[in-house]
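What's in protein-v1.pdb: PDB, C-alpha atoms and all ligand atoms
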```pdb
MODEL        1
ATOM      1  CA  MET A  10     166.475  52.506  86.278
ATOM      2  CA  ASN A  11     164.658  55.365  88.007
ATOM      3  CA  ILE A  12     161.453  54.002  89.584
ATOM      4  CA  ASN A  13     158.920  56.483  90.992
ATOM      5  CA  VAL A  14     157.169  54.605  93.815
ATOM      6  CA  PHE A  15     154.688  57.446  94.411
ATOM      7  CA  ASP A  16     153.427  57.075  90.806
ATOM      8  CA  ILE A  17     153.096  53.299  91.138
ATOM      9  CA  VAL A  18     151.087  53.516  94.391
ATOM     10  CA  ASN A  19     149.052  56.408  92.988
ATOM     11  CA  ARG A  20     148.089  54.288  89.960
ATOM     12  CA  PHE A  21     147.176  51.372  92.273
ATOM     13  CA  GLN A  22     144.884  53.637  94.362
ATOM     14  CA  THR A  23     143.328  55.254  91.249
ATOM     15  CA  GLU A  24     142.429  51.824  89.816
ATOM     16  CA  LEU A  25     141.045  50.703  93.186
ATOM     17  CA  ASN A  26     138.946  53.876  93.526
ATOM     18  CA  LYS A  27     137.615  53.478  89.946
ATOM     19  CA  ASP A  28     136.595  49.914  90.720
ATOM     20  CA  ILE A  29     134.997  50.776  94.091
ATOM     21  CA  LYS A  30     133.067  53.728  92.605
ATOM     22  CA  ASN A  31     130.785  51.299  90.754
ATOM     23  CA  HIS A  32     129.756  49.613  93.993
ATOM     24  CA  SER A  33     128.898  52.663  96.093
ATOM     25  CA  THR A  34     125.190  52.471  95.159
ATOM     26  CA  ASN A  35     124.871  49.846  97.962
ATOM     27  CA  TRP A  36     126.425  52.084 100.598
ATOM     28  CA  SER A  37     123.244  53.794 101.899
ATOM     29  CA  ASN A  38     123.639  52.452 105.463
ATOM     30  CA  HIS A  39     127.332  53.393 105.586
ATOM     31  CA  ILE A  40     126.650  56.864 104.157
ATOM     32  CA  SER A  41     123.795  57.624 106.562
ATOM     33  CA  GLU A  42     125.771  56.440 109.649
ATOM     34  CA  LEU A  43     128.739  58.554 108.594
ATOM     35  CA  ARG A  44     126.457  61.528 107.927
ATOM     36  CA  LYS A  45     125.210  61.388 111.558
ATOM     37  CA  LEU A  46     128.827  61.670 112.780
ATOM     38  CA  ILE A  47     129.594  64.489 110.312
ATOM     39  CA  ASP A  48     126.525  66.482 111.395
ATOM     40  CA  LEU A  49     127.420  66.086 115.052
ATOM     41  CA  ALA A  50     131.009  67.240 114.401
ATOM     42  CA  LEU A  51     129.806  70.219 112.328
ATOM     43  CA  THR A  52     127.654  71.420 115.215
ATOM     44  CA  SER A  53     130.538  70.891 117.692
ATOM     45  CA  MET A  54     133.291  72.750 115.797
ATOM     46  CA  PRO A  55     134.373  76.123 117.174
ATOM     47  CA  SER A  56     134.379  78.013 113.866
ATOM     48  CA  SER A  57     133.294  77.245 110.343
ATOM     49  CA  ARG A  58     136.282  78.665 108.502
ATOM     50  CA  GLN A  59     137.695  75.549 106.902
ATOM     51  CA  GLY A  60     137.713  71.760 106.884
ATOM     52  CA  LEU A  61     140.137  69.002 105.903
ATOM     53  CA  ILE A  62     139.206  65.563 104.527
ATOM     54  CA  PHE A  63     141.910  62.880 104.499
ATOM     55  CA  GLY A  64     141.558  60.199 101.791
ATOM     56  CA  ALA A  65     138.618  61.933 100.074
ATOM     57  CA  GLY A  66     138.974  59.633  96.998
ATOM     58  CA  ASN A  67     135.714  59.358  95.059
ATOM     59  CA  CYS A  68     133.880  61.493  97.675
ATOM     60  CA  ASN A  69     131.304  58.692  97.692
ATOM     61  CA  ASP A  70     130.710  58.302 101.396
ATOM     62  CA  PHE A  71     129.895  61.963 102.085
ATOM     63  CA  SER A  72     128.101  64.737 100.239
ATOM     64  CA  LEU A  73     130.557  67.321  98.895
ATOM     65  CA  SER A  74     127.886  70.014  98.640
ATOM     66  CA  HIS A  75     126.582  69.355 102.172
ATOM     67  CA  LEU A  76     130.069  69.577 103.680
ATOM     68  CA  ALA A  77     131.434  72.449 101.578
ATOM     69  CA  SER A  78     128.346  74.568 102.292
ATOM     70  CA  HIS A  79     129.264  74.520 106.017
ATOM     71  CA  PHE A  80     132.582  76.297 105.501
ATOM     72  CA  GLU A  81     133.034  80.003 104.927
ATOM     73  CA  TYR A  82     136.410  79.587 103.298
ATOM     74  CA  LYS A  83     137.638  76.202 102.040
ATOM     75  CA  LEU A  84     137.144  72.461 102.237
ATOM     76  CA  THR A  85     140.539  70.851 101.559
ATOM     77  CA  LEU A  86     140.399  67.358 100.058
ATOM     78  CA  LEU A  87     143.611  65.335 100.352
ATOM     79  CA  ASP A  88     144.402  62.013  98.707
ATOM     80  CA  LEU A  89     147.202  60.221  96.927
ATOM     81  CA  ASP A  90     144.717  59.827  94.086
ATOM     82  CA  ALA A  91     143.792  63.395  93.119
ATOM     83  CA  ARG A  92     142.136  62.304  89.866
ATOM     84  CA  SER A  93     139.158  60.699  91.642
ATOM     85  CA  ILE A  94     138.563  63.821  93.768
ATOM     86  CA  LYS A  95     138.734  66.078  90.711
ATOM     87  CA  ARG A  96     136.226  63.856  88.898
ATOM     88  CA  ALA A  97     133.843  64.149  91.884
ATOM     89  CA  ILE A  98     134.184  67.961  91.999
ATOM     90  CA  GLU A  99     133.547  68.249  88.250
ATOM     91  CA  ASN A 100     129.900  67.242  88.819
ATOM     92  CA  GLU A 101     129.325  69.985  91.402
ATOM     93  CA  ASP A 102     128.166  73.551  90.838
ATOM     94  CA  ILE A 103     130.479  76.560  90.592
ATOM     95  CA  GLU A 104     130.116  77.543  94.267
ATOM     96  CA  ILE A 105     131.320  74.095  95.439
ATOM     97  CA  LYS A 106     134.184  74.233  92.918
ATOM     98  CA  ARG A 107     135.212  77.594  94.394
ATOM     99  CA  LYS A 108     135.027  76.313  97.962
ATOM    100  CA  THR A 109     137.057  73.117  97.498
ATOM    101  CA  SER A 110     140.769  72.640  97.019
ATOM    102  CA  VAL A 111     142.579  69.409  96.198
ATOM    103  CA  ILE A 112     145.935  68.350  97.606
ATOM    104  CA  GLN A 113     147.674  65.334  96.127
ATOM    105  CA  LYS A 114     149.825  63.933  98.916
ATOM    106  CA  ASP A 115     150.825  60.678 100.538
ATOM    107  CA  ILE A 116     149.509  60.783 104.133
ATOM    108  CA  THR A 117     152.295  58.468 105.315
ATOM    109  CA  GLY A 118     155.369  59.892 103.539
ATOM    110  CA  LEU A 119     156.458  56.284 102.915
ATOM    111  CA  PHE A 120     156.248  56.598  99.135
ATOM    112  CA  ALA A 121     158.810  59.397  98.940
ATOM    113  CA  ALA A 122     161.900  58.891  96.752
ATOM    114  CA  LYS A 123     164.117  58.385  99.817
ATOM    115  CA  HIS A 124     162.321  55.088 100.649
ATOM    116  CA  SER A 125     162.102  53.710  97.107
ATOM    117  CA  LYS A 126     165.213  51.510  97.471
ATOM    118  CA  ASP A 127     163.647  49.788 100.506
ATOM    119  CA  LEU A 128     160.249  49.410  98.823
ATOM    120  CA  ILE A 129     161.820  47.864  95.711
ATOM    121  CA  SER A 130     163.860  45.548  97.896
ATOM    122  CA  LEU A 131     160.648  44.383  99.616
ATOM    123  CA  ALA A 132     158.947  43.875  96.236
ATOM    124  CA  GLN A 133     161.831  41.636  95.178
ATOM    125  CA  HIS A 134     161.305  39.533  98.335
ATOM    126  CA  SER A 135     164.941  40.072  99.111
ATOM    127  CA  LEU A 136     166.838  38.816 102.149
ATOM    128  CA  GLU A 137     166.833  42.424 103.325
ATOM    129  CA  SER A 138     163.029  42.428 103.879
ATOM    130  CA  GLU A 139     163.190  41.611 107.580
ATOM    131  CA  LYS A 140     165.887  44.244 108.168
ATOM    132  CA  ILE A 141     163.818  46.905 106.360
ATOM    133  CA  LEU A 142     160.689  46.181 108.421
ATOM    134  CA  ASN A 143     162.770  46.192 111.627
ATOM    135  CA  LYS A 144     164.118  49.629 110.679
ATOM    136  CA  TRP A 145     160.568  50.914 109.976
ATOM    137  CA  LEU A 146     159.462  49.686 113.400
ATOM    138  CA  THR A 147     162.053  51.703 115.333
ATOM    139  CA  SER A 148     161.019  54.942 117.031
ATOM    140  CA  ASP A 149     163.532  56.863 114.846
ATOM    141  CA  PHE A 150     161.517  56.040 111.726
ATOM    142  CA  LYS A 151     158.924  58.810 111.461
ATOM    143  CA  ILE A 152     155.717  58.298 109.509
ATOM    144  CA  CYS A 153     152.545  60.408 108.875
ATOM    145  CA  SER A 154     154.192  63.768 109.495
ATOM    146  CA  PRO A 155     151.980  66.261 111.383
ATOM    147  CA  TYR A 156     153.483  68.966 109.141
ATOM    148  CA  ILE A 157     151.858  67.534 105.980
ATOM    149  CA  ILE A 158     149.855  70.804 105.773
ATOM    150  CA  ASN A 159     150.934  74.104 107.170
ATOM    151  CA  LYS A 160     147.734  75.117 109.007
ATOM    152  CA  LYS A 161     145.215  73.891 111.563
ATOM    153  CA  PHE A 162     141.535  73.140 111.015
ATOM    154  CA  PRO A 163     138.344  73.366 113.138
ATOM    155  CA  PHE A 164     137.067  70.231 111.325
ATOM    156  CA  VAL A 165     138.996  67.148 110.124
ATOM    157  CA  MET A 166     137.679  63.854 108.758
ATOM    158  CA  SER A 167     139.428  60.544 108.075
ATOM    159  CA  SER A 168     136.876  57.910 107.111
ATOM    160  CA  THR A 169     137.940  54.305 106.364
ATOM    161  CA  VAL A 170     141.407  55.487 105.385
ATOM    162  CA  ALA A 171     143.721  53.982 108.050
ATOM    163  CA  THR A 172     143.572  50.330 106.900
ATOM    164  CA  GLN A 173     144.276  51.532 103.334
ATOM    165  CA  LEU A 174     147.507  53.289 104.236
ATOM    166  CA  VAL A 175     149.659  50.163 104.116
ATOM    167  CA  ALA A 176     147.349  48.030 101.942
ATOM    168  CA  SER A 177     149.627  48.493  98.930
ATOM    169  CA  LEU A 178     152.509  46.967 100.944
ATOM    170  CA  GLY A 179     150.667  43.646 101.499
ATOM    171  CA  PRO A 180     151.500  42.189  98.074
ATOM    172  CA  LEU A 181     155.173  43.170  98.553
ATOM    173  CA  ILE A 182     155.533  40.816 101.520
ATOM    174  CA  ASN A 183     156.168  37.115 101.116
ATOM    175  CA  ALA A 184     153.003  35.761 102.797
ATOM    176  CA  SER A 185     154.617  32.406 103.610
ATOM    177  CA  ASN A 186     157.126  34.164 105.871
ATOM    178  CA  LEU A 187     155.025  34.532 109.039
ATOM    179  CA  SER A 188     157.623  36.687 110.765
ATOM    180  CA  LEU A 189     157.393  39.238 107.911
ATOM    181  CA  VAL A 190     153.590  39.144 107.973
ATOM    182  CA  GLY A 191     153.646  39.785 111.746
ATOM    183  CA  LYS A 192     156.061  42.687 111.312
ATOM    184  CA  LEU A 193     153.939  44.220 108.559
ATOM    185  CA  LYS A 194     150.932  44.050 110.932
ATOM    186  CA  SER A 195     152.949  45.836 113.629
ATOM    187  CA  PHE A 196     153.999  48.448 111.075
ATOM    188  CA  ALA A 197     150.352  48.930 110.016
ATOM    189  CA  GLU A 198     149.534  49.532 113.705
ATOM    190  CA  LYS A 199     152.336  52.110 113.955
ATOM    191  CA  VAL A 200     151.046  53.889 110.830
ATOM    192  CA  SER A 201     147.456  54.170 112.108
ATOM    193  CA  ASP A 202     148.652  55.339 115.515
ATOM    194  CA  SER A 203     150.763  58.028 113.786
ATOM    195  CA  HIS A 204     147.862  58.983 111.487
ATOM    196  CA  VAL A 205     145.616  59.633 114.517
ATOM    197  CA  LYS A 206     148.390  61.775 116.066
ATOM    198  CA  GLN A 207     148.673  63.629 112.728
ATOM    199  CA  ILE A 208     144.905  64.340 112.839
ATOM    200  CA  ALA A 209     145.168  65.509 116.469
ATOM    201  CA  TYR A 210     147.995  67.888 115.571
ATOM    202  CA  LEU A 211     146.125  69.382 112.597
ATOM    203  CA  LEU A 212     142.943  69.919 114.606
ATOM    204  CA  GLU A 213     142.509  73.319 116.257
ATOM    205  CA  THR A 214     142.021  73.290 120.023
ATOM    206  CA  GLY A 215     138.281  72.740 120.552
ATOM    207  CA  GLY A 216     137.971  71.458 116.975
ATOM    208  CA  ALA A 217     135.927  68.391 115.999
ATOM    209  CA  ALA A 218     137.090  65.390 113.958
ATOM    210  CA  VAL A 219     135.262  62.422 112.460
ATOM    211  CA  ILE A 220     137.323  59.226 112.418
ATOM    212  CA  THR A 221     136.059  55.857 111.194
ATOM    213  CA  SER A 222     137.837  52.568 110.710
ATOM    214  CA  GLU A 223     136.941  49.035 109.566
ATOM    215  CA  GLN A 224     137.579  46.434 112.296
ATOM    216  CA  TYR A 225     136.676  42.985 110.821
ATOM    217  CA  GLU A 226     135.761  41.765 107.352
ATOM    218  CA  TRP A 227     133.286  39.044 106.454
ATOM    219  CA  GLY A 228     132.303  37.469 103.128
ATOM    220  CA  HIS A 229     134.250  36.096 100.161
ATOM    221  CA  ASP A 230     137.681  37.080  98.982
ATOM    222  CA  GLU A 231     138.269  37.987  95.310
ATOM    223  CA  HIS A 232     138.552  34.259  94.402
ATOM    224  CA  GLY A 233     135.197  33.364  95.994
ATOM    225  CA  ASN A 234     136.758  31.718  99.096
ATOM    226  CA  TYR A 235     135.166  32.436 102.473
ATOM    227  CA  LEU A 236     137.202  34.766 104.691
ATOM    228  CA  PRO A 237     138.376  33.295 108.049
ATOM    229  CA  THR A 238     135.704  35.192 110.079
ATOM    230  CA  SER A 239     133.053  32.963 108.449
ATOM    231  CA  MET A 240     134.136  30.151 110.826
ATOM    232  CA  TYR A 241     132.678  32.180 113.719
ATOM    233  CA  VAL A 242     130.120  34.473 112.045
ATOM    234  CA  SER A 243     127.243  33.290 109.839
ATOM    235  CA  ASP A 244     125.646  36.682 109.144
ATOM    236  CA  PRO A 245     127.547  40.007 108.945
ATOM    237  CA  THR A 246     125.228  41.772 111.435
ATOM    238  CA  GLU A 247     126.506  39.351 114.126
ATOM    239  CA  MET A 248     129.735  41.404 114.084
ATOM    240  CA  LEU A 249     127.794  44.121 115.932
ATOM    241  CA  GLN A 250     127.555  41.843 119.014
ATOM    242  CA  SER A 251     130.235  42.383 121.655
ATOM    243  CA  THR A 252     130.544  38.624 122.316
ATOM    244  CA  VAL A 253     131.293  38.022 118.623
ATOM    245  CA  GLN A 254     133.769  40.925 118.599
ATOM    246  CA  ASN A 255     135.536  39.428 121.658
ATOM    247  CA  LEU A 256     135.773  36.087 119.867
ATOM    248  CA  LEU A 257     137.203  37.677 116.709
ATOM    249  CA  GLU A 258     139.762  39.512 118.864
ATOM    250  CA  GLN A 259     140.746  36.248 120.567
ATOM    251  CA  LYS A 260     141.169  34.610 117.171
ATOM    252  CA  ASN A 261     143.315  37.546 116.009
ATOM    253  CA  LEU A 262     140.952  38.318 113.118
ATOM    254  CA  SER A 263     140.995  42.111 113.310
ATOM    255  CA  LEU A 264     142.100  44.101 110.256
ATOM    256  CA  PRO A 265     145.723  45.288 110.167
ATOM    257  CA  GLY A 266     146.012  49.054 110.557
ATOM    258  CA  ARG A 267     142.558  49.618 112.075
ATOM    259  CA  ILE A 268     142.032  52.543 114.440
ATOM    260  CA  GLU A 269     140.850  51.692 117.956
ATOM    261  CA  ARG A 270     139.553  53.835 120.820
ATOM    262  CA  GLU A 271     143.001  53.673 122.538
ATOM    263  CA  HIS A 272     144.666  55.381 119.557
ATOM    264  CA  LEU A 273     142.316  58.341 120.025
ATOM    265  CA  THR A 274     142.880  58.710 123.758
ATOM    266  CA  ASN A 275     146.667  58.194 123.353
ATOM    267  CA  ALA A 276     146.678  61.105 120.895
ATOM    268  CA  GLY A 277     145.025  63.330 123.536
ATOM    269  CA  LEU A 278     141.637  63.362 121.793
ATOM    270  CA  GLN A 279     138.395  63.315 123.769
ATOM    271  CA  ILE A 280     135.585  61.110 122.462
ATOM    272  CA  LEU A 281     132.262  62.971 122.107
ATOM    273  CA  HIS A 282     130.327  60.178 120.431
ATOM    274  CA  SER A 283     130.914  56.663 119.103
ATOM    275  CA  SER A 284     128.912  54.305 116.919
ATOM    276  CA  GLU A 285     129.343  51.169 114.826
ATOM    277  CA  TRP A 286     127.662  49.726 111.759
ATOM    278  CA  ILE A 287     127.975  47.209 108.936
ATOM    279  CA  TRP A 288     129.343  48.429 105.591
ATOM    280  CA  ASN A 289     128.641  46.312 102.513
ATOM    281  CA  LEU A 290     131.661  47.434 100.465
ATOM    282  CA  VAL A 291     131.265  45.217  97.394
ATOM    283  CA  GLY A 292     129.451  41.953  96.526
ATOM    284  CA  ASN A 293     129.024  40.037  99.766
ATOM    285  CA  ARG A 294     132.123  41.651 101.392
ATOM    286  CA  HIS A 295     131.013  43.287 104.651
ATOM    287  CA  TYR A 296     132.929  45.278 107.251
ATOM    288  CA  LEU A 297     132.217  46.184 110.858
ATOM    289  CA  VAL A 298     133.036  49.900 110.985
ATOM    290  CA  LYS A 299     133.615  51.845 114.201
ATOM    291  CA  GLY A 300     133.239  55.611 114.056
ATOM    292  CA  TRP A 301     133.901  58.444 116.494
ATOM    293  CA  VAL A 302     133.405  62.165 116.819
ATOM    294  CA  VAL A 303     136.336  63.531 118.819
ATOM    295  CA  THR A 304     137.522  66.900 120.019
ATOM    296  CA  LYS A 305     140.913  68.317 121.037
ATOM    297  CA  PRO A 306     140.527  69.710 124.574
TER     298      PRO A 306
HETATM  299  C1  LIG A 401     138.322  53.655 101.427
HETATM  300  S1  LIG A 401     138.798  55.145 100.640
HETATM  301  C2  LIG A 401     137.928  56.342 101.563
HETATM  302  C3  LIG A 401     136.568  56.561 100.992
HETATM  303  C4  LIG A 401     136.397  57.892 100.304
HETATM  304  N1  LIG A 401     136.142  58.899 101.316
HETATM  305  C5  LIG A 401     135.261  57.862  99.325
HETATM  306  O1  LIG A 401     134.175  58.307  99.642
HETATM  307  O2  LIG A 401     135.481  57.401  98.203
HETATM  308  C6  LIG A 401     140.463  55.384 101.161
HETATM  309  C7  LIG A 401     141.156  56.495 100.406
HETATM  310  O3  LIG A 401     142.477  56.631 100.957
HETATM  311  C8  LIG A 401     143.364  56.964  99.896
HETATM  312  N2  LIG A 401     144.727  56.610 100.313
HETATM  313  C9  LIG A 401     145.258  55.376 100.495
HETATM  314  N3  LIG A 401     146.551  55.479 100.871
HETATM  315  C10 LIG A 401     146.842  56.805 100.917
HETATM  316  C11 LIG A 401     148.023  57.533 101.243
HETATM  317  N4  LIG A 401     149.160  56.925 101.601
HETATM  318  N5  LIG A 401     147.963  58.882 101.186
HETATM  319  C12 LIG A 401     146.813  59.527 100.818
HETATM  320  N6  LIG A 401     145.665  58.874 100.517
HETATM  321  C13 LIG A 401     145.682  57.544 100.557
HETATM  322  C14 LIG A 401     142.864  56.155  98.714
HETATM  323  O4  LIG A 401     143.287  56.703  97.481
HETATM  324  C15 LIG A 401     141.334  56.243  98.915
HETATM  325  O5  LIG A 401     140.789  57.312  98.193
ENDMDL
END
```
How does the structure come out when it is put into structure tokens?
Amino acid sequence: MNINVFDIVNRFQTELNKDIKNHSTNWSNHISELRKLIDLALTSMPSSRQGLIFGAGNCNDFSLSHLASHFEYKLTLLDLDARSIKRAIENEDIEIKRKTSVIQKDITGLFAAKHSKDLISLAQHSLESEKILNKWLTSDFKICSPYIINKKFPFVMSSTVATQLVASLGPLINASNLSLVGKLKSFAEKVSDSHVKQIAYLLETGGAAVITSEQYEWGHDEHGNYLPTSMYVSDPTEMLQSTVQNLLEQKNLSLPGRIEREHLTNAGLQILHSSEWIWNLVGNRHYLVKGWVVTKP
């Protein structure tokens, strides 16, 4: 049987985006904090020819018209789920439609046909699972190609995308096998590190990028059970305190695949500004988000 993994993951992301769209009315704090970073990056970029948004999805956390109006040529919106982006553009006026272009691509390259045998093997919880993850963790296994697009941009944004990049792999791993869970976490770390390097490559010298990433989650899971952070945190705003963050680090309660400051500096990016805030994603599920405006010296 010929299984197209890209289509399966695309459908998963489309359903997730449809579901999340209904909750974005509560995102005012998240949207306004992100907007401050976007505005700072827009004033720092060397030219206003074109911009690139990774994981644009529903285009809920930024204003399409505000961003597109800053570019003389094009705002490129990239996501695995092109349908959600197209739906968002449909509501905009003709000038925004002219200024935006949509690219349907997998940021990681993991869902290409050449990896489908391994992905299916993982989904079947086969004895090969450990071997597959070991192979993915080697330096020979390349992920998040910098050549995903054949040009460079004065402005790039990747907002709350990194932890999503391997989220669809979680259910493929047998959670009772702690060694596999640990390896998947290491792979998520490799993917986010490579994604930051991909952003750095696609940014013009002197260009400005906005990068944000969830660090810890607090609230209930989908079955109404408290998440492990609730043992140490009684109110989500406590996650803004450095002592609480240190405790959550000690307890190993950070989110797999998050971007940290070290990823940015390792990729040769210079931090112009950083901030952090609480994002109420859905229901009582809250995230501590860290965000940066960076440049490529
Ligand atoms: C949390 S959303 C970002 C929020 C989005 N900017 C918005 O306002 O709706 C993460 C996005 O990353 C996309 N995504 C996840 N994995 C991806 C992959 N491998 N390649 C491309 N996009 C991916 C999802 O489809 C989703 O739209």
*asked:* Considering all atoms listed in the file, can you say which of A:Leu25, A:Ile40, A:Val253, A:Val175 comes closest to Leu128 of chain A?
replied: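 Of the candidates, the smallest distance to Leu128 of chain A is held by A:Val175.
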Could you list, as a CSV table (one decimal) with C-alpha atoms, in the coordinates of the input, all residues that come within 7 Å of ligand LIG 401 (chain A)? Count only C-alpha atoms and all ligand atoms.
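Wrote it out as result35.csv, contents follow:
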```
chain,number,residue,atom,x,y,z
A,22,GLN,CA,144.9,53.6,94.4
A,23,THR,CA,143.3,55.3,91.2
A,26,ASN,CA,138.9,53.9,93.5
A,63,PHE,CA,141.9,62.9,104.5
A,64,GLY,CA,141.6,60.2,101.8
A,65,ALA,CA,138.6,61.9,100.1
A,66,GLY,CA,139.0,59.6,97.0
A,67,ASN,CA,135.7,59.4,95.1
A,68,CYS,CA,133.9,61.5,97.7
A,69,ASN,CA,131.3,58.7,97.7
A,70,ASP,CA,130.7,58.3,101.4
A,71,PHE,CA,129.9,62.0,102.1
A,87,LEU,CA,143.6,65.3,100.4
A,88,ASP,CA,144.4,62.0,98.7
A,89,LEU,CA,147.2,60.2,96.9
A,90,ASP,CA,144.7,59.8,94.1
A,114,LYS,CA,149.8,63.9,98.9
A,115,ASP,CA,150.8,60.7,100.5
A,116,ILE,CA,149.5,60.8,104.1
A,117,THR,CA,152.3,58.5,105.3
A,168,SER,CA,136.9,57.9,107.1
A,169,THR,CA,137.9,54.3,106.4
A,170,VAL,CA,141.4,55.5,105.4
A,173,GLN,CA,144.3,51.5,103.3
A,174,LEU,CA,147.5,53.3,104.2
A,175,VAL,CA,149.7,50.2,104.1
```
*asked:* Rounded to one decimal, what separation in Å do you get between atom CA of Glu285 of chain A and atom CA of His272 of chain A?
replied: 16.6 Å
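Closest approach to Gly300 of chain A among A:Lys192, A:His134, A:His39, A:Ser33: A:His39, based on all atoms listed in the file.
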*Excluding same-chain residues fewer than 4 positions from Ser195 of chain A, what lies within 8 Å of it counting all atoms listed in the file, as a list in words?*
Leu146, Gly191 and Lys199 of chain A
*Would you mind telling me which residue in A:Gln224, A:Ser201, A:Asn261, A:Asn183 lies nearest to Ala132 of chain A when using all atoms listed in the file?*
A:Asn183
*By how many Å are atom CA of Leu262 of chain A and atom CA of Thr147 of chain A apart?*
25.1 Å
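With atom CA of His124 of chain A on one side and atom CA of Glu271 of chain A on the other, the separation reads 29.2 Å.
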*With all atoms listed in the file as the basis for distance, which of A:Leu136, A:Ala197, A:Leu281, A:Ile47 is at the shortest distance from His75 of chain A?*
A:Ile47
*Surrounding residues of Thr274 of chain A excluding itself and chain neighbours under 5 positions, 10 Å, only C-alpha atoms, as an NGL selection string*: :A and (205-206 or 269 or 279-280 or 303)
*Find the residues around Arg58 of chain A up to 6 Å (all atoms listed in the file counted), leave out those fewer than 4 positions away in its own chain, and share them as a list of chain:residue names.*
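The filter keeps A:Phe80, A:Glu81, A:Tyr82.
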Let me have the centre and edge lengths in Å, one decimal, of the box along x, y and z around every listed atom of segment 181-188 of chain A with 8 Å of margin on each side, as AutoDock Vina command-line options.
```
--center_x 155.3 --center_y 37.8 --center_z 104.7 --size_x 20.6 --size_y 26.8 --size_z 28.2
```
*Name all residues at most 12 Å from Glu226 of chain A (count only C-alpha atoms; drop same-chain ones fewer than 3 positions away) and give them as a ChimeraX atom specification.*
/A:172,222-223,229-230,235-239,241-242,244-249,254,257,262-265,267,287-291,293-298
*Residues matched by the PyMOL selection byres (((chain A and resi 46) around 12) and not hetatm), written as a ChimeraX atom specification*: /A:39-45,47-53,71,164-168,217-221,280-285,299-303
_Spatial sel., origin (129.9, 76.9, 99.0), limit 7 Å, all atoms listed in the file, listed as a PyMOL selection string_ = chain A and resi 77-78+104-105+108
_Using only C-alpha atoms for the distances, tell me which of A:Leu73, A:Glu198, A:Leu212, A:Ile141 is nearest to Glu101 of chain A._
A:Leu73
_Counting all atoms listed in the file, find residues at most 8 Å from (158.4, 48.0, 105.9) (file frame) and give them as number ranges by chain._
A: 127-128, 131, 138, 141-146, 178, 192-193, 196
*Pick from A:Glu231, A:Asp102, A:Glu258, A:Glu213, whichever lies nearest to Gly60 of chain A using all atoms listed in the file*: A:Glu213
*How would you write, as a list in words, the residues chosen by the PyMOL selection byres (((chain A and resi 155-160) around 8) and not hetatm) on this structure?*
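Checking the PyMOL selection byres (((chain A and resi 155-160) around 8) and not hetatm) against this file, the residues are Ile116, Cys153, Ser154, Lys161, Phe162, Lys206, Gln207, Ile208, Tyr210 and Leu211 of chain A.
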*asked:* Residues near Leu86 of chain A, anyone? I mean within 7 Å using only C-alpha atoms, not counting same-chain ones fewer than 3 positions away, as a ChimeraX atom specification.
replied: /A:61-63,65,110-112
